[in-house]
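Chemist: Before anything else, here's the structure in question.
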Protein chains: 2
Amino acid sequence: MASEKQLTVVTCTAPVNIAVIKYWGKRDEELILPLNSSLSVTLHQDQLKTTTTAAISKDFTEDRIWLNGVEVDMGQPRLQSCLREIHRLARKRRSSDDRNAPPPSLSYKVHVASENNFPTAAGLASSAAGYACLAYTLAKVYGVEAELSEVARRGSGSACRSLYGGFVQWQRGEQADGKDSIAQQVAPESHWPELRILVLVVSADKKLTSSTSGMQTSVETSALLQFRAASVVPTRMTEMIRCIRDRDFATFGELTMKDSNQFHATCLDTFPPISYLNDTSKNIIHLVHRFNTYHGQTKVAYTFDAGPNAVIFTLEDTMAEFVAAVRHCFPPEPNGDKFLKGLPVRSVQLSDKLKAALALNPAPGGIRYIITTKAGPGPQVLDSPHLHLLGPDGLPKPSA
Amino acid sequence: MASEKQLTVVTCTAPVNIAVIKYWGKRDEELILPLNSSLSVTLHQDQLKTTTTAAISKDFTEDRIWLNGVEVDMGQPRLQSCLREIHRLARKRRSSDDRNAPPPSLSYKVHVASENNFPTAAGLASSAAGYACLAYTLAKVYGVEAELSEVARRGSGSACRSLYGGFVQWQRGEQADGKDSIAQQVAPESHWPELRILVLVVSADKKLTSSTSGMQTSVETSALLQFRAASVVPTRMTEMIRCIRDRDFATFGELTMKDSNQFHATCLDTFPPISYLNDTSKNIIHLVHRFNTYHGQTKVAYTFDAGPNAVIFTLEDTMAEFVAAVRHCFPPEPNGDKFLKGLPVRSVQLSDKLKAALALNPAPGGIRYIITTKAGPGPQVLDSPHLHLLGPDGLPKPSA
C-alpha cells in the first residue's frame, strides 16, 4: 500500500509565547482582529516547541492532518482558513513576481503532521505554537515568502506572536480588513540574556472555559474589558516596550503582574463569570508578592493565561532562590514527574528569615513540576530529512 | 464595689445588611464618603442581629465599651468619631429646640456593651450591624432624633444602610461635606414577602485583607474601580431600584450576580491583587449558574462580600430545592454544627436530571452551615430591662 510518491516535504518548528500584555477579546470574530494590542515573550524551543511537517504531492487526493499522531478533521474552519490564506498569498506572489521559478502547484493537496514536545496535559497554550508552525511550514512548502501574521492569526490570534523570537508585539491595527493587525519584533532574544522564565505547572483536573468562547462572552458582557482595551492597554504597551528596551526588570515585572491581574479581572466581570485561577494560583501570587516584599524590590513576576498555571519571570541571579522558595511552599510529591525540567538550577538553602517572610502553609503537590527556560528564537526550518514527521509515503512515521 | 448608680440605660438591636450593588472605595477617607452609591437588603434580626446597651451617668468617670464581653479601647478613632457626631447632633438639637425638656447631660460619660447573636467566626460583616446599633443606641440615650447616616457611616460606611429595614440605598452624594451622602429606604421589608436569603458559611482559615485597607488600595491602584464607580454603578442603581419596585426576581438576581462579580474583579485589579473568593466560593457560583440553566431562568442569585461566604437570594418556592442542591454538592460533615439554621426548609429529593445537570464533584465540608432568613426591619428599641447588657452598676452583666 505504501508507495513512494513524488513529494515536496518541509519540516519546521515554532515556539510557545507568553503574553505580558494580554490579548482577550476580538473586535472581528471572522478576521480574528483583537480589541487591543498585546505583547509577548517567545519561549525557547529547547524546552517548548511544536514541530510540523507539511508534504505536497500531485498524488494526494485530499488535504489531511495529524496532531500528535491522531488524524483530525482538516475541514475545521480555522485550519481551512489558514490554508485558504496561504493559497491566496501564493497566488498573489505568482502574479506579482514572474522572474522566479513557478512555485509548486497550488492545486496539490497537502498532508500535515504536527507534534508538541510538551504534554498537552500541562495546560500550556499549544495553539499559538501550533498555528504559527502550521502557517510557517505551509508557507515554506508552497513557496510563500510574505508576512504570515494574517495566516497564523486566522488559526489562533496569539499565534502571530509566535512567528518571531524574543519580544513581540501584536498591533491591534485600525483597518477594518485587518491588514495592519500584524506581529512585530520589539527586541530579539539576545537583547536580555539574563531574563529567565519558569512555567509552574499546577495540579488541576477541572474543565476550563475555552479561550475562544470565553473571550467572546467577555466582549459581549464585560464593560470593564471594553474600558481596559480602549483606555488602559495603549499606555501599558508604550510603557512595556520601554521597559524591555531599557531592561528595567522591576517595572517590567510590576506591569506584567498588573496586566495579568486585570485580564483575570475582566474574566470575572464576564457573565457568567470566568475564573481561571485556582487556590494554588492564588498562593503562587501571594508567594511572589511576599518574596518581592522581603527583598524590597520586584525580583520576580507572575502572569497567568487561561488556566491555573503560573509563568514566572525573573533574572538569572534570582532563579535558584525563587525555585527553593517554590519547593518550600509547594513540596514536590513523589508522583513520578521530575520536579525541575529545562535549564539547570543551582540548589540553594532558603534562609529562615525568608521562610518566615513567606509564611505560607506548605501545600504538597500543588505544583506538579517546573519548566525553566528563557527567551528564544522564532520558527526554524529543520534540514535533516530524518526529522520529518511524514514518511516517503506521505503518512505519519510510526512513533519511535 | 458594685454600687447602684443613677443611670439612663437604653438597649437596641440592629440588623446585618447585604449589598446587591456593592460599596467599595471611598472618595473621602476622613468623612467616609463612598466612590459610588450602593444598595442593600436588610436581613431579619430573628437570625442575625447586634444588641447594644448604652448607659450614661454623672458618676461614670470615663467612656468604656465591651464587645462580646471583652472590653476594648474606646479611644479608637472610629468609635470616637461616632461619639463626637452624636454629641454634635445633640448640641444642635438643644440649640434649635428649647421647648422640650433638656436632654441628659452631654458631659455624662457613657458605658456601652454590644453583642452579636452570630459567631464572629462566621465571617459575616458584623461591623455594619455593630456601628448601626451603636449610632442608634447612643442617639436614644442622648435624646437625639436626627437622621443618623452620618454617625453610623463614621464607624463603618455600610453601617448607614443597617439603619433601615427592607431595601436601602446609600446615596453617594455630591457635597464635599457629605451632608447628602445618606441612607434611604427604597422599599420596606413587607414589600417582597416571598424573597428568601441564605447565608452559605464557607470553611476557610485564611487571614483576609480587611475591607478598610483593601478598598483604599483599590482606590489607589485600580483603574477599573474608578471606571466602575463613575460609569457602571449609576445605571445599575436605577435598574436595581426598578427591579425591587417591580419584584422582578430574574433581573434583580442577574444584576446582583453581575455586581458581585464586578466588585471582585476590581479587587483582582488592585495591586497587589485582593482575592476574597476561594475554590468553594467558585463552586457555589458554578452551582447557581447550572441550577438556573437547568430551570431556564434566574431562580437563584449569589453575592459575595469581602470573604468567601456566599449570600444567596431566591424566592420561597425555590428555597427547598436549592438547599437540596447545596447538600448534594457540599455534603455536610459531622462537625458538630447544625447544617441548617434559621427559617425552616422542607426536605425535598433532587431529581436525577437536576443532579446530572449540576455535574459538580461533591466537596464534603466545603460549606459549614446555612443560615436561612428573609428581609427584615431596621433597628429596634428593647423595652424589658432584663434584656440590658449592662447591670445597675453600669458594668456588663455576667453572661448567662
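If you're wondering about the labels, chains in the C-alpha cells are A, B, ... by order shown, residues count from 1 in each chain, ligands from 1 in order shown.
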Residues of chain B no more than 6 Å from chain A, counting only C-alpha atoms: send them over as a list in words.
Modeler: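 Listing them in order of chain and number gives Asn261, Gln262, Ala265, Leu268 and Asp269 of chain B.
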Chemist: Report as a PyMOL selection string all protein, DNA and RNA residues lying within 9 Å of region 151-167 of chain A, evaluated on only C-alpha atoms, omitting residues in the same chain fewer than 5 positions from it.
Modeler: chain A and resi 14-17+19+23+26+30-34+38-44+77-86+127-136+182-192+212+241+244+375-379
Chemist: Could you jot down the CA of Val10 (chain B) to CA of Thr52 (chain B) separation for me, Å, one decimal place?
Modeler: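 So the two atoms, CA of Val10 (chain B) and CA of Thr52 (chain B), lie 8.3 Å apart.
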Chemist: Can you list, as a list in words, all residues belonging to region 123-314 of chain B that DSSP tags as strand (DSSP E or B)?
Modeler: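 Filtering region 123-314 of chain B down to strand (DSSP E or B) leaves Phe167, Val168, Gln169, Trp170, Ala183, Gln184, Gln185, Val186, Ala187, Leu195, Arg196, Ile197, Leu198, Val199, Leu200, Val201, Val202, Val300, Ala301, Tyr302, Thr303, Phe304, Ala310, Val311, Ile312, Phe313 and Thr314 of chain B.
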Chemist: Give me, please, the distance in Å between CA of Ile312 (chain B) and CA of Gly214 (chain B), quoted to one decimal.
Modeler: 23.7 Å
Chemist: So, counting only C-alpha atoms, which residue among A:Tyr276, A:Gly394, A:Asn117, A:Ala320 is closest to Arg64 (chain A)?
Modeler: A:Gly394
Chemist: Could you state the separation of CA of Ser105 (chain A) and CA of Leu148 (chain A) in Å, given to one decimal place?
Modeler: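 Between CA of Ser105 (chain A) and CA of Leu148 (chain A) the gap is 19.6 Å.
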